[in-house]
Amino acid sequence: MLLEFRVNGKDVKVDVDSAKRLIDVLRDDLKLTGTKEGCGEGECGACTVIIDGAAVNSCLVLGHQVSGKEIFTIESLEKDEELDRLQKSFIENGAVQCGYCTPGMLMSSKALLMKNDDPSEEEIKIALEGNLCRCTGYNKIVKAVKSAAHK
Ligand code: FES
Ligand code: FES
């Protein structure tokens, strides 16, 4: 099927199998490999992208379900070689952990800040509850999101 949607501010058309998952369309067809696959079962949040303003696990969505929608991936955060304030804040606060969980953490945080530019600690924790890291921790990430919001 011919799938048409908007990704990172550009209209795209891709010819894909209707059963192909969005994460595979992004990574294989559009070469947007910043979105990572962890569990592939909707449990870890590594594959989070923003669809029409909401943080969504792209491993649970089929490509055809995003027809006509607006998607942002981790690649959208850097503009003109300038990192987004969230990315800068993650670096400043030591919140960049591994390459698997960080893109998803950033996109869930971005979706939160798009709706709420002054979230409470509780609201940040709720926004990140679908993003798992079993090896490090969440304190620095919560601090980074809070500090990006204050900028
Ligand atoms: S890879 Fe999608 S939630 Fe884990
Ligand atoms: S899963 Fe990335 S640091 Fe734990």
# chains A, B, ... in the order shown; residues from 1 in each chain; ligands from 1
call {"tool": "residues_near_ligand", "arguments": {"ligand": "ligand 1", "cutoff": "7 Å", "atoms": "only C-alpha atoms and all ligand atoms", "output": "ChimeraX atom specification"}}
result
/A:36-48,57-60
call {"tool": "residues_near_ligand", "arguments": {"ligand": "ligand 2", "cutoff": "7 Å", "atoms": "only C-alpha atoms and all ligand atoms", "output": "PDB file with all heavy atoms, in the first residue's frame"}}
result
ATOM      1  N   GLN A  97      21.804   8.142  29.230  1.00  0.00           N
ATOM      2  CA  GLN A  97      22.225   6.852  29.774  1.00  0.00           C
ATOM      3  C   GLN A  97      22.693   5.961  28.637  1.00  0.00           C
ATOM      4  O   GLN A  97      23.839   6.080  28.206  1.00  0.00           O
ATOM      5  CB  GLN A  97      21.100   6.311  30.645  1.00  0.00           C
ATOM      6  CG  GLN A  97      20.885   7.270  31.818  1.00  0.00           C
ATOM      7  CD  GLN A  97      19.794   6.893  32.795  1.00  0.00           C
ATOM      8  OE1 GLN A  97      19.735   7.482  33.850  1.00  0.00           O
ATOM      9  NE2 GLN A  97      18.946   5.947  32.479  1.00  0.00           N
ATOM     10  N   CYS A  98      21.845   5.128  28.087  1.00  0.00           N
ATOM     11  CA  CYS A  98      22.330   4.351  26.940  1.00  0.00           C
ATOM     12  C   CYS A  98      21.576   4.747  25.680  1.00  0.00           C
ATOM     13  O   CYS A  98      20.552   5.414  25.725  1.00  0.00           O
ATOM     14  CB  CYS A  98      22.222   2.851  27.193  1.00  0.00           C
ATOM     15  SG  CYS A  98      20.564   2.198  26.945  1.00  0.00           S
ATOM     16  N   GLY A  99      22.086   4.294  24.552  1.00  0.00           N
ATOM     17  CA  GLY A  99      21.507   4.650  23.258  1.00  0.00           C
ATOM     18  C   GLY A  99      20.170   3.988  22.997  1.00  0.00           C
ATOM     19  O   GLY A  99      19.473   4.336  22.061  1.00  0.00           O
ATOM     20  N   TYR A 100      19.792   3.001  23.833  1.00  0.00           N
ATOM     21  CA  TYR A 100      18.502   2.359  23.640  1.00  0.00           C
ATOM     22  C   TYR A 100      17.381   3.114  24.315  1.00  0.00           C
ATOM     23  O   TYR A 100      16.364   3.423  23.692  1.00  0.00           O
ATOM     24  CB  TYR A 100      18.540   0.892  24.118  1.00  0.00           C
ATOM     25  CG  TYR A 100      18.885   0.011  22.967  1.00  0.00           C
ATOM     26  CD1 TYR A 100      20.212  -0.213  22.635  1.00  0.00           C
ATOM     27  CD2 TYR A 100      17.895  -0.522  22.159  1.00  0.00           C
ATOM     28  CE1 TYR A 100      20.540  -0.961  21.532  1.00  0.00           C
ATOM     29  CE2 TYR A 100      18.211  -1.273  21.046  1.00  0.00           C
ATOM     30  CZ  TYR A 100      19.536  -1.487  20.738  1.00  0.00           C
ATOM     31  OH  TYR A 100      19.853  -2.217  19.633  1.00  0.00           O
ATOM     32  N   CYS A 101      17.553   3.445  25.587  1.00  0.00           N
ATOM     33  CA  CYS A 101      16.428   4.075  26.286  1.00  0.00           C
ATOM     34  C   CYS A 101      16.357   5.582  26.058  1.00  0.00           C
ATOM     35  O   CYS A 101      15.281   6.167  26.122  1.00  0.00           O
ATOM     36  CB  CYS A 101      16.481   3.775  27.778  1.00  0.00           C
ATOM     37  SG  CYS A 101      17.949   4.400  28.630  1.00  0.00           S
ATOM     38  N   THR A 102      17.492   6.226  25.780  1.00  0.00           N
ATOM     39  CA  THR A 102      17.504   7.693  25.734  1.00  0.00           C
ATOM     40  C   THR A 102      16.591   8.281  24.647  1.00  0.00           C
ATOM     41  O   THR A 102      15.853   9.227  24.943  1.00  0.00           O
ATOM     42  CB  THR A 102      18.954   8.214  25.599  1.00  0.00           C
ATOM     43  OG1 THR A 102      19.684   7.750  26.740  1.00  0.00           O
ATOM     44  CG2 THR A 102      18.999   9.728  25.557  1.00  0.00           C
ATOM     45  N   LEU A 132      11.235   2.330  30.245  1.00  0.00           N
ATOM     46  CA  LEU A 132      11.956   1.547  31.256  1.00  0.00           C
ATOM     47  C   LEU A 132      13.465   1.608  31.088  1.00  0.00           C
ATOM     48  O   LEU A 132      13.988   1.621  29.987  1.00  0.00           O
ATOM     49  CB  LEU A 132      11.546   0.080  31.165  1.00  0.00           C
ATOM     50  CG  LEU A 132      10.074  -0.245  31.372  1.00  0.00           C
ATOM     51  CD1 LEU A 132       9.897  -1.750  31.444  1.00  0.00           C
ATOM     52  CD2 LEU A 132       9.527   0.417  32.630  1.00  0.00           C
ATOM     53  N   CYS A 133      14.133   1.666  32.231  1.00  0.00           N
ATOM     54  CA  CYS A 133      15.580   1.454  32.270  1.00  0.00           C
ATOM     55  C   CYS A 133      15.795   0.600  33.501  1.00  0.00           C
ATOM     56  O   CYS A 133      15.413   0.994  34.595  1.00  0.00           O
ATOM     57  CB  CYS A 133      16.329   2.776  32.410  1.00  0.00           C
ATOM     58  SG  CYS A 133      18.042   2.490  32.905  1.00  0.00           S
ATOM     59  N   ARG A 134      16.350  -0.575  33.278  1.00  0.00           N
ATOM     60  CA  ARG A 134      16.548  -1.464  34.429  1.00  0.00           C
ATOM     61  C   ARG A 134      17.976  -1.394  34.931  1.00  0.00           C
ATOM     62  O   ARG A 134      18.363  -2.119  35.821  1.00  0.00           O
ATOM     63  CB  ARG A 134      16.194  -2.902  34.061  1.00  0.00           C
ATOM     64  CG  ARG A 134      14.731  -3.066  33.763  1.00  0.00           C
ATOM     65  CD  ARG A 134      14.291  -4.497  33.839  1.00  0.00           C
ATOM     66  NE  ARG A 134      12.859  -4.588  33.612  1.00  0.00           N
ATOM     67  CZ  ARG A 134      12.289  -4.670  32.434  1.00  0.00           C
ATOM     68  NH1 ARG A 134      13.014  -4.667  31.351  1.00  0.00           N
ATOM     69  NH2 ARG A 134      10.978  -4.757  32.332  1.00  0.00           N
ATOM     70  N   CYS A 135      18.794  -0.549  34.311  1.00  0.00           N
ATOM     71  CA  CYS A 135      20.207  -0.562  34.711  1.00  0.00           C
ATOM     72  C   CYS A 135      20.664   0.702  35.419  1.00  0.00           C
ATOM     73  O   CYS A 135      21.640   0.656  36.159  1.00  0.00           O
ATOM     74  CB  CYS A 135      21.092  -0.836  33.514  1.00  0.00           C
ATOM     75  SG  CYS A 135      20.502  -0.143  32.003  1.00  0.00           S
ATOM     76  N   THR A 136      20.017   1.827  35.202  1.00  0.00           N
ATOM     77  CA  THR A 136      20.523   3.046  35.846  1.00  0.00           C
ATOM     78  C   THR A 136      19.424   3.603  36.753  1.00  0.00           C
ATOM     79  O   THR A 136      19.077   2.984  37.731  1.00  0.00           O
ATOM     80  CB  THR A 136      21.000   4.052  34.773  1.00  0.00           C
ATOM     81  OG1 THR A 136      21.775   3.338  33.819  1.00  0.00           O
ATOM     82  CG2 THR A 136      21.856   5.137  35.364  1.00  0.00           C
TER      83      THR A 136
END
call {"tool": "closest_residue", "arguments": {"among": "A:Val56, A:Ile126, A:Leu112, A:Leu77", "to": "A:Ile23", "atoms": "only C-alpha atoms"}}
result
A:Val56
call {"tool": "atom_distance", "arguments": {"atom1": "atom CA of A:Val61", "atom2": "atom CA of A:Asp84"}}
result
26.1 Å
call {"tool": "select_by_dssp", "arguments": {"residues": "stretch 44-102 of chain A", "states": "strand (DSSP E)", "output": "mmCIF file with N, CA, C and O atoms, in the first residue's frame"}}
result
data_model
loop_
_atom_site.group_PDB
_atom_site.id
_atom_site.type_symbol
_atom_site.label_atom_id
_atom_site.label_comp_id
_atom_site.auth_asym_id
_atom_site.auth_seq_id
_atom_site.Cartn_x
_atom_site.Cartn_y
_atom_site.Cartn_z
ATOM 1 N N THR A 48 9.549 4.985 21.357
ATOM 2 C CA THR A 48 8.556 6.070 21.424
ATOM 3 C C THR A 48 8.768 7.139 20.356
ATOM 4 O O THR A 48 9.875 7.637 20.164
ATOM 5 N N VAL A 49 7.682 7.466 19.672
ATOM 6 C CA VAL A 49 7.660 8.614 18.758
ATOM 7 C C VAL A 49 6.431 9.439 19.136
ATOM 8 O O VAL A 49 5.598 9.005 19.944
ATOM 9 N N ILE A 50 6.328 10.630 18.554
ATOM 10 C CA ILE A 50 5.156 11.470 18.836
ATOM 11 C C ILE A 50 4.236 11.432 17.621
ATOM 12 O O ILE A 50 4.659 11.751 16.503
ATOM 13 N N ILE A 51 3.002 10.980 17.843
ATOM 14 C CA ILE A 51 2.014 10.932 16.754
ATOM 15 C C ILE A 51 0.873 11.879 17.109
ATOM 16 O O ILE A 51 0.225 11.713 18.145
ATOM 17 N N ALA A 54 0.947 12.997 20.694
ATOM 18 C CA ALA A 54 0.972 12.043 21.812
ATOM 19 C C ALA A 54 2.161 11.092 21.682
ATOM 20 O O ALA A 54 2.504 10.649 20.581
ATOM 21 N N ALA A 55 2.775 10.758 22.818
ATOM 22 C CA ALA A 55 3.876 9.789 22.830
ATOM 23 C C ALA A 55 3.282 8.395 22.629
ATOM 24 O O ALA A 55 2.364 7.991 23.349
ATOM 25 N N VAL A 56 3.804 7.675 21.630
ATOM 26 C CA VAL A 56 3.242 6.367 21.265
ATOM 27 C C VAL A 56 4.389 5.381 21.030
ATOM 28 O O VAL A 56 5.441 5.748 20.498
ATOM 29 N N ASN A 57 4.174 4.125 21.408
ATOM 30 C CA ASN A 57 5.164 3.073 21.130
ATOM 31 C C ASN A 57 5.041 2.668 19.656
ATOM 32 O O ASN A 57 4.034 2.053 19.262
ATOM 33 N N GLU A 70 0.688 13.223 11.700
ATOM 34 C CA GLU A 70 1.951 13.957 11.836
ATOM 35 C C GLU A 70 2.806 13.261 12.893
ATOM 36 O O GLU A 70 2.392 13.090 14.041
ATOM 37 N N ILE A 71 4.005 12.880 12.495
ATOM 38 C CA ILE A 71 4.894 12.130 13.391
ATOM 39 C C ILE A 71 6.188 12.891 13.611
ATOM 40 O O ILE A 71 6.731 13.503 12.675
ATOM 41 N N PHE A 72 6.651 12.849 14.840
ATOM 42 C CA PHE A 72 7.987 13.371 15.131
ATOM 43 C C PHE A 72 8.817 12.244 15.734
ATOM 44 O O PHE A 72 8.354 11.527 16.623
#
call {"tool": "closest_residue", "arguments": {"among": "A:Ala111, A:Leu86, A:Thr73, A:Glu92", "to": "A:Arg27", "atoms": "only C-alpha atoms"}}
result
A:Thr73
call {"tool": "atom_distance", "arguments": {"atom1": "atom CA of A:Ser67", "atom2": "atom CA of A:Asp29"}}
result
15.0 Å
call {"tool": "select_by_dssp", "arguments": {"residues": "stretch 7-100 of chain A", "states": "helix (DSSP H, G or I)", "output": "VMD selection string"}}
result
chain A and resid 22 to 29 63 to 66 74 to 76 85 to 92
call {"tool": "write_last_selection", "arguments": {"atoms": "C-alpha atoms", "output": "PDB file, in the first residue's frame"}}
result
ATOM      1  CA  LEU A  22       5.588   1.827  12.121  1.00  0.00           C
ATOM      2  CA  ILE A  23       8.993   1.289  13.770  1.00  0.00           C
ATOM      3  CA  ASP A  24      10.072  -0.738  10.720  1.00  0.00           C
ATOM      4  CA  VAL A  25       8.704   1.827   8.271  1.00  0.00           C
ATOM      5  CA  LEU A  26      10.673   4.533  10.100  1.00  0.00           C
ATOM      6  CA  ARG A  27      13.892   2.567  10.433  1.00  0.00           C
ATOM      7  CA  ASP A  28      13.939   0.501   7.224  1.00  0.00           C
ATOM      8  CA  ASP A  29      12.080   2.604   4.682  1.00  0.00           C
ATOM      9  CA  GLY A  63       2.215   1.738   9.264  1.00  0.00           C
ATOM     10  CA  HIS A  64      -1.251   2.090   7.738  1.00  0.00           C
ATOM     11  CA  GLN A  65      -2.574   3.432  11.052  1.00  0.00           C
ATOM     12  CA  VAL A  66      -0.526   6.610  10.666  1.00  0.00           C
ATOM     13  CA  ILE A  74      14.135  11.713  17.776  1.00  0.00           C
ATOM     14  CA  GLU A  75      15.734  13.090  14.581  1.00  0.00           C
ATOM     15  CA  SER A  76      13.353  16.076  14.746  1.00  0.00           C
ATOM     16  CA  ARG A  85      16.775  22.349  24.959  1.00  0.00           C
ATOM     17  CA  LEU A  86      15.762  18.912  26.231  1.00  0.00           C
ATOM     18  CA  GLN A  87      18.796  17.249  24.664  1.00  0.00           C
ATOM     19  CA  LYS A  88      21.059  19.955  26.114  1.00  0.00           C
ATOM     20  CA  SER A  89      19.473  19.523  29.506  1.00  0.00           C
ATOM     21  CA  PHE A  90      19.916  15.739  29.393  1.00  0.00           C
ATOM     22  CA  ILE A  91      23.628  16.295  28.687  1.00  0.00           C
ATOM     23  CA  GLU A  92      24.015  18.986  31.371  1.00  0.00           C
TER      24      GLU A  92
END
call {"tool": "residues_around", "arguments": {"residues": "A:Met1", "least_positions_apart": "2", "cutoff": "9 Å", "atoms": "only C-alpha atoms", "output": "ChimeraX atom specification"}}
result
/A:3,14-18,64
call {"tool": "write_last_selection", "arguments": {"atoms": "N, CA and C atoms", "output": "short mmCIF file (atom, residue, chain, number, x, y, z; two decimals), in the first residue's frame"}}
result
data_model
loop_
_atom_site.label_atom_id
_atom_site.label_comp_id
_atom_site.auth_asym_id
_atom_site.auth_seq_id
_atom_site.Cartn_x
_atom_site.Cartn_y
_atom_site.Cartn_z
N LEU A 3 1.61 4.57 1.55
CA LEU A 3 1.35 5.22 2.83
C LEU A 3 1.85 6.66 2.75
N VAL A 14 5.46 6.28 1.18
CA VAL A 14 6.24 5.05 1.10
C VAL A 14 5.33 3.90 0.71
N ASP A 15 5.90 3.02 -0.10
CA ASP A 15 5.14 1.86 -0.55
C ASP A 15 5.49 0.71 0.39
N VAL A 16 4.55 0.34 1.27
CA VAL A 16 4.88 -0.68 2.28
C VAL A 16 3.80 -1.75 2.37
N ASP A 17 4.19 -2.87 2.93
CA ASP A 17 3.24 -3.93 3.25
C ASP A 17 2.30 -3.39 4.33
N SER A 18 1.01 -3.63 4.20
CA SER A 18 0.07 -3.04 5.14
C SER A 18 0.25 -3.58 6.56
N HIS A 64 -0.03 1.52 8.34
CA HIS A 64 -1.25 2.09 7.74
C HIS A 64 -2.07 2.91 8.74
#
